[in-house]
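Listing of data10.cif, mmCIF, C-alpha atoms
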data_query
loop_
_atom_site.group_PDB
_atom_site.id
_atom_site.type_symbol
_atom_site.label_atom_id
_atom_site.label_comp_id
_atom_site.auth_asym_id
_atom_site.auth_seq_id
_atom_site.Cartn_x
_atom_site.Cartn_y
_atom_site.Cartn_z
ATOM 1 C CA MET A 1 0.000 0.000 0.000
ATOM 2 C CA GLY A 2 2.299 2.802 1.130
ATOM 3 C CA ILE A 3 1.875 6.551 1.231
ATOM 4 C CA PRO A 4 0.139 8.213 -1.736
ATOM 5 C CA SER A 5 2.566 10.261 -3.838
ATOM 6 C CA GLU A 6 0.713 13.569 -3.292
ATOM 7 C CA LEU A 7 0.816 13.163 0.477
ATOM 8 C CA ARG A 8 4.469 12.110 0.383
ATOM 9 C CA ASP A 9 5.444 15.113 -1.781
ATOM 10 C CA ALA A 10 3.558 17.510 0.514
ATOM 11 C CA TRP A 11 5.285 16.043 3.566
ATOM 12 C CA VAL A 12 8.745 16.309 1.955
ATOM 13 C CA ASN A 13 8.154 19.913 0.875
ATOM 14 C CA LYS A 14 6.915 20.876 4.335
ATOM 15 C CA ARG A 15 9.929 19.210 5.960
ATOM 16 C CA GLN A 16 12.343 21.004 3.614
ATOM 17 C CA SER A 17 10.792 24.372 4.450
ATOM 18 C CA TYR A 18 11.405 23.713 8.170
ATOM 19 C CA THR A 19 15.035 22.715 7.677
ATOM 20 C CA SER A 20 15.797 25.844 5.668
ATOM 21 C CA MET A 21 14.799 27.982 8.664
ATOM 22 C CA MET A 22 17.091 26.167 11.103
ATOM 23 C CA ALA A 23 20.342 27.834 12.126
ATOM 24 C CA ALA A 24 23.564 25.984 11.392
ATOM 25 C CA SER A 25 25.580 24.668 14.313
ATOM 26 C CA PRO A 26 28.999 26.260 14.805
ATOM 27 C CA ASN A 27 30.519 22.772 15.000
ATOM 28 C CA GLU A 28 28.821 21.506 11.835
ATOM 29 C CA GLU A 29 31.863 22.086 9.620
ATOM 30 C CA ARG A 30 34.128 20.207 12.039
ATOM 31 C CA ILE A 31 31.690 17.290 12.211
ATOM 32 C CA ILE A 32 31.486 17.054 8.420
ATOM 33 C CA HIS A 33 35.271 17.208 8.141
ATOM 34 C CA SER A 34 35.656 14.517 10.803
ATOM 35 C CA ASN A 35 33.187 12.231 9.020
ATOM 36 C CA ASN A 36 35.065 12.717 5.745
ATOM 37 C CA SER A 37 38.341 11.846 7.473
ATOM 38 C CA ILE A 38 36.812 8.651 8.831
ATOM 39 C CA ARG A 39 35.529 7.721 5.369
ATOM 40 C CA GLU A 40 39.048 8.192 4.003
ATOM 41 C CA ALA A 41 40.762 6.308 6.837
ATOM 42 C CA VAL A 42 38.670 3.141 6.797
ATOM 43 C CA PRO A 43 39.495 1.965 3.222
ATOM 44 C CA GLU A 44 43.171 2.798 3.709
ATOM 45 C CA GLY A 45 43.167 0.915 7.003
ATOM 46 C CA PHE A 46 41.522 -2.050 5.317
ATOM 47 C CA LYS A 47 44.203 -2.129 2.609
ATOM 48 C CA ALA A 48 46.994 -1.975 5.183
ATOM 49 C CA ALA A 49 45.270 -4.633 7.275
ATOM 50 C CA ALA A 50 44.969 -7.013 4.341
ATOM 51 C CA ILE A 51 48.685 -6.681 3.686
ATOM 52 C CA TYR A 52 49.575 -7.202 7.353
ATOM 53 C CA GLY A 53 47.231 -10.183 7.549
ATOM 54 C CA VAL A 54 49.058 -11.890 4.698
ATOM 55 C CA ILE A 55 52.435 -10.938 6.155
ATOM 56 C CA ALA A 56 51.440 -12.492 9.484
ATOM 57 C CA ALA A 57 49.985 -15.636 7.895
ATOM 58 C CA VAL A 58 52.935 -16.623 5.676
ATOM 59 C CA PRO A 59 55.513 -17.263 8.428
ATOM 60 C CA THR A 60 52.854 -19.023 10.482
ATOM 61 C CA VAL A 61 52.026 -21.331 7.564
ATOM 62 C CA ILE A 62 55.701 -22.112 7.101
ATOM 63 C CA ALA A 63 56.169 -22.761 10.815
ATOM 64 C CA CYS A 64 53.167 -25.092 11.004
ATOM 65 C CA ARG A 65 54.264 -27.061 7.959
ATOM 66 C CA VAL A 66 58.037 -27.219 8.558
ATOM 67 C CA ILE A 67 58.637 -27.474 12.322
ATOM 68 C CA PRO A 68 58.730 -31.190 13.142
ATOM 69 C CA TRP A 69 56.869 -30.881 16.445
ATOM 70 C CA ALA A 70 53.986 -29.017 14.768
ATOM 71 C CA LYS A 71 53.786 -31.547 11.946
ATOM 72 C CA VAL A 72 53.568 -34.458 14.370
ATOM 73 C CA ASN A 73 51.347 -33.018 17.107
ATOM 74 C CA LEU A 74 48.984 -30.668 15.240
ATOM 75 C CA ASN A 75 46.380 -31.949 12.831
ATOM 76 C CA HIS A 76 45.288 -29.902 9.818
ATOM 77 C CA THR A 77 42.427 -28.257 11.701
ATOM 78 C CA ALA A 78 44.715 -27.042 14.471
ATOM 79 C CA GLN A 79 47.202 -25.732 11.943
ATOM 80 C CA ALA A 80 44.439 -23.897 10.086
ATOM 81 C CA LEU A 81 43.176 -22.359 13.333
ATOM 82 C CA ILE A 82 46.649 -21.162 14.292
ATOM 83 C CA ILE A 83 47.203 -19.676 10.828
ATOM 84 C CA SER A 84 43.840 -17.918 10.739
ATOM 85 C CA THR A 85 44.317 -16.578 14.269
ATOM 86 C CA ALA A 86 47.642 -15.022 13.316
ATOM 87 C CA SER A 87 46.175 -13.581 10.139
ATOM 88 C CA ILE A 88 43.137 -12.103 11.899
ATOM 89 C CA ALA A 89 45.277 -10.648 14.677
ATOM 90 C CA GLY A 90 47.535 -8.957 12.126
ATOM 91 C CA PHE A 91 44.466 -7.671 10.296
ATOM 92 C CA PHE A 92 42.838 -6.086 13.349
ATOM 93 C CA ILE A 93 46.052 -4.664 14.785
ATOM 94 C CA ALA A 94 46.923 -2.965 11.483
ATOM 95 C CA THR A 95 43.423 -1.571 11.028
ATOM 96 C CA ASP A 96 43.322 -0.191 14.551
ATOM 97 C CA GLN A 97 46.757 1.407 14.243
ATOM 98 C CA TYR A 98 45.985 3.054 10.919
ATOM 99 C CA ILE A 99 42.606 4.456 11.946
ATOM 100 C CA LEU A 100 43.966 5.776 15.260
ATOM 101 C CA GLU A 101 46.936 7.335 13.454
ATOM 102 C CA ASN A 102 44.593 9.178 11.107
ATOM 103 C CA ALA A 103 42.364 10.227 14.004
ATOM 104 C CA ARG A 104 45.354 11.709 15.841
ATOM 105 C CA GLY A 105 46.480 13.520 12.705
ATOM 106 C CA ASN A 106 42.982 14.856 12.230
ATOM 107 C CA THR A 107 42.792 16.114 15.828
ATOM 108 C CA ILE A 108 46.257 17.596 16.044
ATOM 109 C CA GLY A 109 46.731 18.902 12.522
ATOM 110 C CA LYS A 110 43.320 20.218 11.630
ATOM 111 C CA HIS A 111 41.848 21.394 14.903
ATOM 112 C CA GLY A 112 44.946 22.792 16.552
ATOM 113 C CA LYS A 113 44.727 20.561 19.624
ATOM 114 C CA SER A 114 47.785 18.989 21.168
ATOM 115 C CA MET A 115 47.915 15.712 23.047
#
Would you write the structure of this file as structure tokens?
Amino acid sequence: MGIPSELRDAWVNKRQSYTSMMAASPNEERIIHSNNSIREAVPEGFKAAAIYGVIAAVPTVIACRVIPWAKVNLNHTAQALIISTASIAGFFIATDQYILENARGNTIGKHGKSM
């Protein structure tokens, strides 16, 4: 069923007329800039995290497959769990570091605050 188009258009037009009368917040520009910085930081953090995840997984794979103790005492499931744990840890650590680094740069460089 839904809302008839005439009623919907009248509601949207009335809502737009109210928002045009509202005063802008003095912090609105900072909030928009902060949101843009977050949008830029997340994809870059994801790229760095993917690289660090692979970098963490490769030596772990080699260790699980080459070290004699691991070959004898760990079945394939245990080896896979160890490898994925190392990869996921590298992924999350890299993402966290990159996003926090950008957040600090955003706070210090753009807003004039010191830590």
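The shortest atom-to-atom distance to Ser87 (chain A), with only C-alpha atoms taken into account, belongs to A:Thr60 out of A:Asn73, A:Asn36, A:Asn102, A:Thr60.
Put simply, the PyMOL selection byres ((chain A and resi 56) around 9) on this file hits A:Ile51, A:Tyr52, A:Gly53, A:Val54, A:Ile55, A:Ala57, A:Val58, A:Pro59, A:Thr60, A:Ile83, A:Ala86, A:Ser87, A:Ile88, A:Ala89, A:Gly90, A:Phe91.
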I need the chosen residues saved as a PDB file, in the frame of the given file, with C-alpha atoms.
ATOM      1  CA  ILE A  51      48.685  -6.681   3.686  1.00  0.00           C
ATOM      2  CA  TYR A  52      49.575  -7.202   7.353  1.00  0.00           C
ATOM      3  CA  GLY A  53      47.231 -10.183   7.549  1.00  0.00           C
ATOM      4  CA  VAL A  54      49.058 -11.890   4.698  1.00  0.00           C
ATOM      5  CA  ILE A  55      52.435 -10.938   6.155  1.00  0.00           C
ATOM      6  CA  ALA A  57      49.985 -15.636   7.895  1.00  0.00           C
ATOM      7  CA  VAL A  58      52.935 -16.623   5.676  1.00  0.00           C
ATOM      8  CA  PRO A  59      55.513 -17.263   8.428  1.00  0.00           C
ATOM      9  CA  THR A  60      52.854 -19.023  10.482  1.00  0.00           C
ATOM     10  CA  ILE A  83      47.203 -19.676  10.828  1.00  0.00           C
ATOM     11  CA  ALA A  86      47.642 -15.022  13.316  1.00  0.00           C
ATOM     12  CA  SER A  87      46.175 -13.581  10.139  1.00  0.00           C
ATOM     13  CA  ILE A  88      43.137 -12.103  11.899  1.00  0.00           C
ATOM     14  CA  ALA A  89      45.277 -10.648  14.677  1.00  0.00           C
ATOM     15  CA  GLY A  90      47.535  -8.957  12.126  1.00  0.00           C
ATOM     16  CA  PHE A  91      44.466  -7.671  10.296  1.00  0.00           C
TER      17      PHE A  91
END
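Coordinates place CA of Pro43 (chain A) at a distance of 26.8 Å from CA of Val61 (chain A).
If you look at CA of Arg39 (chain A) and CA of Tyr98 (chain A), they are 12.7 Å away from each other.
CA of Arg30 (chain A) lies 26.5 Å from CA of Ala48 (chain A).
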Chain and number of each residue from the PyMOL selection byres ((chain A and resi 45) around 8), as a list of chain:residue names: A:Ala41, A:Val42, A:Pro43, A:Glu44, A:Phe46, A:Lys47, A:Ala48, A:Ala49, A:Ala94, A:Thr95, A:Asp96, A:Tyr98, A:Ile99
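Residue nearest Ile62 (chain A), chosen from A:Val12, A:Ala80, A:Leu7, A:Ala103 and counting all atoms listed in the file: A:Ala80.
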For region 41-52 of chain A, where the input has fewer atoms than it should, I would like all heavy atoms rebuilt and written as a PDB file, in the coordinates of the input.
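Output file selection39.pdb follows:
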ATOM      1  N   ALA A  41      39.869   7.152   6.045  1.00  0.00           N
ATOM      2  CA  ALA A  41      40.762   6.308   6.837  1.00  0.00           C
ATOM      3  C   ALA A  41      40.371   4.836   6.786  1.00  0.00           C
ATOM      4  O   ALA A  41      41.248   3.974   6.777  1.00  0.00           O
ATOM      5  CB  ALA A  41      40.790   6.779   8.286  1.00  0.00           C
ATOM      6  N   VAL A  42      39.100   4.539   6.724  1.00  0.00           N
ATOM      7  CA  VAL A  42      38.670   3.141   6.797  1.00  0.00           C
ATOM      8  C   VAL A  42      39.139   2.321   5.592  1.00  0.00           C
ATOM      9  O   VAL A  42      39.712   1.242   5.775  1.00  0.00           O
ATOM     10  CB  VAL A  42      37.141   3.050   7.009  1.00  0.00           C
ATOM     11  CG1 VAL A  42      36.636   1.633   6.835  1.00  0.00           C
ATOM     12  CG2 VAL A  42      36.784   3.576   8.386  1.00  0.00           C
ATOM     13  N   PRO A  43      38.973   2.781   4.339  1.00  0.00           N
ATOM     14  CA  PRO A  43      39.495   1.965   3.222  1.00  0.00           C
ATOM     15  C   PRO A  43      41.012   1.817   3.249  1.00  0.00           C
ATOM     16  O   PRO A  43      41.536   0.747   2.939  1.00  0.00           O
ATOM     17  CB  PRO A  43      39.051   2.722   1.972  1.00  0.00           C
ATOM     18  CG  PRO A  43      37.942   3.589   2.391  1.00  0.00           C
ATOM     19  CD  PRO A  43      38.183   3.904   3.832  1.00  0.00           C
ATOM     20  N   GLU A  44      41.713   2.884   3.623  1.00  0.00           N
ATOM     21  CA  GLU A  44      43.171   2.798   3.709  1.00  0.00           C
ATOM     22  C   GLU A  44      43.588   1.826   4.817  1.00  0.00           C
ATOM     23  O   GLU A  44      44.533   1.062   4.654  1.00  0.00           O
ATOM     24  CB  GLU A  44      43.770   4.178   3.964  1.00  0.00           C
ATOM     25  CG  GLU A  44      43.608   5.127   2.800  1.00  0.00           C
ATOM     26  CD  GLU A  44      44.324   4.645   1.556  1.00  0.00           C
ATOM     27  OE1 GLU A  44      45.434   4.098   1.656  1.00  0.00           O
ATOM     28  OE2 GLU A  44      43.760   4.816   0.463  1.00  0.00           O
ATOM     29  N   GLY A  45      42.887   1.855   5.928  1.00  0.00           N
ATOM     30  CA  GLY A  45      43.167   0.915   7.003  1.00  0.00           C
ATOM     31  C   GLY A  45      42.892  -0.519   6.588  1.00  0.00           C
ATOM     32  O   GLY A  45      43.621  -1.436   6.943  1.00  0.00           O
ATOM     33  N   PHE A  46      41.850  -0.710   5.800  1.00  0.00           N
ATOM     34  CA  PHE A  46      41.522  -2.050   5.317  1.00  0.00           C
ATOM     35  C   PHE A  46      42.619  -2.574   4.391  1.00  0.00           C
ATOM     36  O   PHE A  46      43.005  -3.740   4.483  1.00  0.00           O
ATOM     37  CB  PHE A  46      40.176  -2.035   4.595  1.00  0.00           C
ATOM     38  CG  PHE A  46      39.746  -3.390   4.124  1.00  0.00           C
ATOM     39  CD1 PHE A  46      39.256  -4.317   5.022  1.00  0.00           C
ATOM     40  CD2 PHE A  46      39.854  -3.742   2.793  1.00  0.00           C
ATOM     41  CE1 PHE A  46      38.868  -5.573   4.601  1.00  0.00           C
ATOM     42  CE2 PHE A  46      39.476  -4.997   2.367  1.00  0.00           C
ATOM     43  CZ  PHE A  46      38.975  -5.912   3.265  1.00  0.00           C
ATOM     44  N   LYS A  47      43.121  -1.710   3.512  1.00  0.00           N
ATOM     45  CA  LYS A  47      44.203  -2.129   2.609  1.00  0.00           C
ATOM     46  C   LYS A  47      45.450  -2.514   3.404  1.00  0.00           C
ATOM     47  O   LYS A  47      46.071  -3.553   3.141  1.00  0.00           O
ATOM     48  CB  LYS A  47      44.544  -1.004   1.636  1.00  0.00           C
ATOM     49  CG  LYS A  47      43.491  -0.740   0.606  1.00  0.00           C
ATOM     50  CD  LYS A  47      43.887   0.451  -0.251  1.00  0.00           C
ATOM     51  CE  LYS A  47      42.732   0.917  -1.111  1.00  0.00           C
ATOM     52  NZ  LYS A  47      43.057   2.142  -1.837  1.00  0.00           N
ATOM     53  N   ALA A  48      45.821  -1.676   4.362  1.00  0.00           N
ATOM     54  CA  ALA A  48      46.994  -1.975   5.183  1.00  0.00           C
ATOM     55  C   ALA A  48      46.775  -3.253   5.985  1.00  0.00           C
ATOM     56  O   ALA A  48      47.685  -4.072   6.127  1.00  0.00           O
ATOM     57  CB  ALA A  48      47.287  -0.807   6.119  1.00  0.00           C
ATOM     58  N   ALA A  49      45.567  -3.451   6.476  1.00  0.00           N
ATOM     59  CA  ALA A  49      45.270  -4.633   7.275  1.00  0.00           C
ATOM     60  C   ALA A  49      45.340  -5.900   6.439  1.00  0.00           C
ATOM     61  O   ALA A  49      45.806  -6.938   6.922  1.00  0.00           O
ATOM     62  CB  ALA A  49      43.894  -4.499   7.906  1.00  0.00           C
ATOM     63  N   ALA A  50      44.884  -5.838   5.206  1.00  0.00           N
ATOM     64  CA  ALA A  50      44.969  -7.013   4.341  1.00  0.00           C
ATOM     65  C   ALA A  50      46.422  -7.402   4.099  1.00  0.00           C
ATOM     66  O   ALA A  50      46.780  -8.590   4.137  1.00  0.00           O
ATOM     67  CB  ALA A  50      44.262  -6.741   3.020  1.00  0.00           C
ATOM     68  N   ILE A  51      47.261  -6.409   3.892  1.00  0.00           N
ATOM     69  CA  ILE A  51      48.685  -6.681   3.686  1.00  0.00           C
ATOM     70  C   ILE A  51      49.302  -7.282   4.945  1.00  0.00           C
ATOM     71  O   ILE A  51      50.020  -8.287   4.887  1.00  0.00           O
ATOM     72  CB  ILE A  51      49.417  -5.391   3.259  1.00  0.00           C
ATOM     73  CG1 ILE A  51      48.942  -4.968   1.871  1.00  0.00           C
ATOM     74  CG2 ILE A  51      50.922  -5.579   3.281  1.00  0.00           C
ATOM     75  CD1 ILE A  51      49.382  -3.585   1.467  1.00  0.00           C
ATOM     76  N   TYR A  52      49.016  -6.686   6.098  1.00  0.00           N
ATOM     77  CA  TYR A  52      49.575  -7.202   7.353  1.00  0.00           C
ATOM     78  C   TYR A  52      49.028  -8.586   7.689  1.00  0.00           C
ATOM     79  O   TYR A  52      49.728  -9.401   8.283  1.00  0.00           O
ATOM     80  CB  TYR A  52      49.309  -6.242   8.505  1.00  0.00           C
ATOM     81  CG  TYR A  52      50.260  -5.086   8.539  1.00  0.00           C
ATOM     82  CD1 TYR A  52      49.841  -3.813   8.198  1.00  0.00           C
ATOM     83  CD2 TYR A  52      51.584  -5.266   8.899  1.00  0.00           C
ATOM     84  CE1 TYR A  52      50.714  -2.740   8.214  1.00  0.00           C
ATOM     85  CE2 TYR A  52      52.467  -4.206   8.929  1.00  0.00           C
ATOM     86  CZ  TYR A  52      52.023  -2.942   8.581  1.00  0.00           C
ATOM     87  OH  TYR A  52      52.897  -1.904   8.602  1.00  0.00           O
TER      88      TYR A  52
END
